[in-house]
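**Q** Take a look at this one; I'll ask things after.
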Amino acid sequence: MKEFFGKHGLRILAIAAAAAVALSLLSFFASTSSLLHNAIGIITSPFRNAVFAVETWVEDKQHYYADYSDLLEENAALKKEVAELRQNEHQAQRDREENAYLRELLNLRAQRRDFVFESATILEHSNTNWTSTLTLNRGTNCGISVNDCVISAEGYLVGIVSEVGYNWATVLTVIDTDTELGALVFRTSEVVVAEGDFSLMGEGRLKLTYLPESATLLSGDYIVTSGLGGYYPSDLVIGTVESVKVDDDGLAQYAVLAPMVDFDALTEVFIIKDFTIVN
């Protein structure tokens with residue numbers, strides 16, 4: 001053994017020293033690599049965080065715009081639905097009004113079979129200090145004549161045709177100062193005259209004159225056309241008694257009448273072109 005170490009001792013020592021150096025270098029480089037890797041990680045960490053933040057922001061925006069687009073579509077759909085509901089409700093209201101109007105018309109036709117009607121639309125309402133007139137879309141082309149009576153769908157007297165053209169007609173309403181009608185107190189059959197009055201026209205009222213001395217008018221009494229002379233049909237309701245007053249001279253009484261129709265609200269009327277005269 002001594003001979004072996006004597007022969008090969010230096011070689012073994014050299015190999016051991018080389019191995020030790022190699023292990024030391026390996027350990028050094030391994031440690032250095034870990035440090036570099038850690039340093040690089042520290043340096044690049046903010047960039048990685050920035051990239052992650054940008055990716056997250058882009059993704060959030062994509063989701064936002066997708067949700068926003070969905071909301072816009074949903075909002076547009078809701079607006080369309082609301083518009084359709086409103087249109088349906090409006091149409092339903094028009095249908096209800098038309099049905100009520102037709103029922104009134106059928107009732108009127110059933111009650112007054114002696115009338116020949118012509119329906120008309122009101123084109124213009126005209127009210128001044130002196131006149132109260134309506135312009136209709138019917139004229140001589142439909143057989144309309146001056147002095148034809150104009151009534152509402154309920155059968156209430158609206159006025160009298162005063163002027164007529166080929167496809168139009170002017171109507172003096174019952175409150176116009178030029179209107180004068182033979183009338184009756186429906187309750188008592190007393191003969192009177194209903195006429196327009198300048199001082200009352202602005203209030204939407206007319207006057208009942210030539211009251212008999214024995215007249216006992218009551219508030220709410222119906223006043224109807226008399227039909228005397230055959231100029232106008234009988235029993236058309238003109239209005240109701242609102243109050244009874246005395247003329248300025250204190251010698252005669254007169255009544256203030258409230259017409260049965262709201263002239264400003266009228267859109268459709270009926271012209272009586274012919275009727276049966278009742279003696």
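Simple scheme: letters A, B, ... for chains in structure tokens order, numbers from 1 for residues in each chain, numbers from 1 for ligands in the order shown.
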Give me, as a count of residues only, all polymer residues having an atom no more than 6 Å from Val116 in chain A, counting only C-alpha atoms and skipping those fewer than 3 positions away in the same chain.
**A** 3
**Q** What's around Leu136 in chain A at 7 Å? Count only C-alpha atoms, leave out sequence neighbours fewer than 3 positions away in its own chain, and write the answer as a PDB file with all heavy atoms, in the first residue's frame.
**A**
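The file below, out.pdb, is the result:
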ATOM      1  N   ALA A 120    -121.693  64.969 -42.735  1.00  0.00           N
ATOM      2  CA  ALA A 120    -120.741  65.996 -43.168  1.00  0.00           C
ATOM      3  C   ALA A 120    -119.667  66.176 -42.103  1.00  0.00           C
ATOM      4  O   ALA A 120    -119.916  65.995 -40.903  1.00  0.00           O
ATOM      5  CB  ALA A 120    -121.453  67.314 -43.436  1.00  0.00           C
ATOM      6  N   THR A 121    -118.498  66.547 -42.562  1.00  0.00           N
ATOM      7  CA  THR A 121    -117.381  66.864 -41.669  1.00  0.00           C
ATOM      8  C   THR A 121    -117.245  68.370 -41.554  1.00  0.00           C
ATOM      9  O   THR A 121    -117.370  69.094 -42.551  1.00  0.00           O
ATOM     10  CB  THR A 121    -116.067  66.273 -42.211  1.00  0.00           C
ATOM     11  OG1 THR A 121    -116.196  64.855 -42.281  1.00  0.00           O
ATOM     12  CG2 THR A 121    -114.887  66.630 -41.323  1.00  0.00           C
ATOM     13  N   ILE A 122    -116.983  68.839 -40.351  1.00  0.00           N
ATOM     14  CA  ILE A 122    -116.794  70.276 -40.133  1.00  0.00           C
ATOM     15  C   ILE A 122    -115.364  70.645 -40.511  1.00  0.00           C
ATOM     16  O   ILE A 122    -114.402  70.121 -39.949  1.00  0.00           O
ATOM     17  CB  ILE A 122    -117.073  70.647 -38.673  1.00  0.00           C
ATOM     18  CG1 ILE A 122    -118.531  70.353 -38.329  1.00  0.00           C
ATOM     19  CG2 ILE A 122    -116.747  72.119 -38.419  1.00  0.00           C
ATOM     20  CD1 ILE A 122    -118.880  70.574 -36.869  1.00  0.00           C
ATOM     21  N   LEU A 123    -115.240  71.544 -41.468  1.00  0.00           N
ATOM     22  CA  LEU A 123    -113.925  71.980 -41.930  1.00  0.00           C
ATOM     23  C   LEU A 123    -113.399  73.171 -41.135  1.00  0.00           C
ATOM     24  O   LEU A 123    -112.184  73.345 -40.991  1.00  0.00           O
ATOM     25  CB  LEU A 123    -113.992  72.353 -43.413  1.00  0.00           C
ATOM     26  CG  LEU A 123    -114.441  71.255 -44.381  1.00  0.00           C
ATOM     27  CD1 LEU A 123    -114.533  71.813 -45.799  1.00  0.00           C
ATOM     28  CD2 LEU A 123    -113.491  70.070 -44.331  1.00  0.00           C
ATOM     29  N   TRP A 168    -119.429  72.660 -50.501  1.00  0.00           N
ATOM     30  CA  TRP A 168    -119.274  73.239 -49.168  1.00  0.00           C
ATOM     31  C   TRP A 168    -120.583  73.909 -48.759  1.00  0.00           C
ATOM     32  O   TRP A 168    -121.435  74.209 -49.594  1.00  0.00           O
ATOM     33  CB  TRP A 168    -118.137  74.269 -49.117  1.00  0.00           C
ATOM     34  CG  TRP A 168    -118.343  75.416 -50.083  1.00  0.00           C
ATOM     35  CD1 TRP A 168    -117.931  75.483 -51.376  1.00  0.00           C
ATOM     36  CD2 TRP A 168    -119.063  76.636 -49.825  1.00  0.00           C
ATOM     37  NE1 TRP A 168    -118.333  76.666 -51.962  1.00  0.00           N
ATOM     38  CE2 TRP A 168    -119.025  77.395 -51.024  1.00  0.00           C
ATOM     39  CE3 TRP A 168    -119.719  77.161 -48.727  1.00  0.00           C
ATOM     40  CZ2 TRP A 168    -119.626  78.662 -51.132  1.00  0.00           C
ATOM     41  CZ3 TRP A 168    -120.326  78.418 -48.838  1.00  0.00           C
ATOM     42  CH2 TRP A 168    -120.266  79.161 -50.036  1.00  0.00           C
ATOM     43  N   ALA A 169    -120.714  74.140 -47.469  1.00  0.00           N
ATOM     44  CA  ALA A 169    -121.894  74.832 -46.954  1.00  0.00           C
ATOM     45  C   ALA A 169    -121.522  75.565 -45.679  1.00  0.00           C
ATOM     46  O   ALA A 169    -120.667  75.116 -44.913  1.00  0.00           O
ATOM     47  CB  ALA A 169    -123.032  73.852 -46.690  1.00  0.00           C
ATOM     48  N   THR A 170    -122.162  76.711 -45.452  1.00  0.00           N
ATOM     49  CA  THR A 170    -121.980  77.481 -44.225  1.00  0.00           C
ATOM     50  C   THR A 170    -123.218  77.320 -43.355  1.00  0.00           C
ATOM     51  O   THR A 170    -124.346  77.408 -43.847  1.00  0.00           O
ATOM     52  CB  THR A 170    -121.758  78.972 -44.530  1.00  0.00           C
ATOM     53  OG1 THR A 170    -120.590  79.119 -45.332  1.00  0.00           O
ATOM     54  CG2 THR A 170    -121.595  79.777 -43.254  1.00  0.00           C
TER      55      THR A 170
END
**Q** Do a neighbour search on Asn167 in chain A at 10 Å with only C-alpha atoms, toss out local chain neighbours closer than 5 positions, and write the hits as a PyMOL selection string.
**A** chain A and resi 136-144
**Q** Can you build me a table of range 184-203 of chain A residues sitting at most 9 Å from range 227-242 of chain A, with the closest atom pair per residue and its distance in Å to one decimal, using only C-alpha atoms, sorted by chain and residue number, as CSV?
**A**
residue,atom,partner,partner_atom,distance
A:Leu184,CA,A:Asp235,CA,8.3
A:Phe186,CA,A:Asp235,CA,8.3
A:Ala194,CA,A:Ile238,CA,8.2
**Q** Export, as a JSON list (two decimals), in the first residue's frame, the selected residues with N, CA, C and O atoms.
**A**
[["chain", "number", "residue", "atom", "x", "y", "z"],
["A", 184, "LEU", "N", -141.06, 75.34, -29.19],
["A", 184, "LEU", "CA", -142.05, 74.92, -28.19],
["A", 184, "LEU", "C", -141.35, 74.61, -26.88],
["A", 184, "LEU", "O", -140.23, 74.11, -26.87],
["A", 186, "PHE", "N", -141.23, 72.03, -24.38],
["A", 186, "PHE", "CA", -141.62, 70.62, -24.50],
["A", 186, "PHE", "C", -142.60, 70.21, -23.39],
["A", 186, "PHE", "O", -143.55, 69.47, -23.63],
["A", 194, "ALA", "N", -137.05, 80.96, -30.42],
["A", 194, "ALA", "CA", -135.65, 80.87, -30.00],
["A", 194, "ALA", "C", -134.80, 81.65, -30.99],
["A", 194, "ALA", "O", -134.90, 81.43, -32.20]]
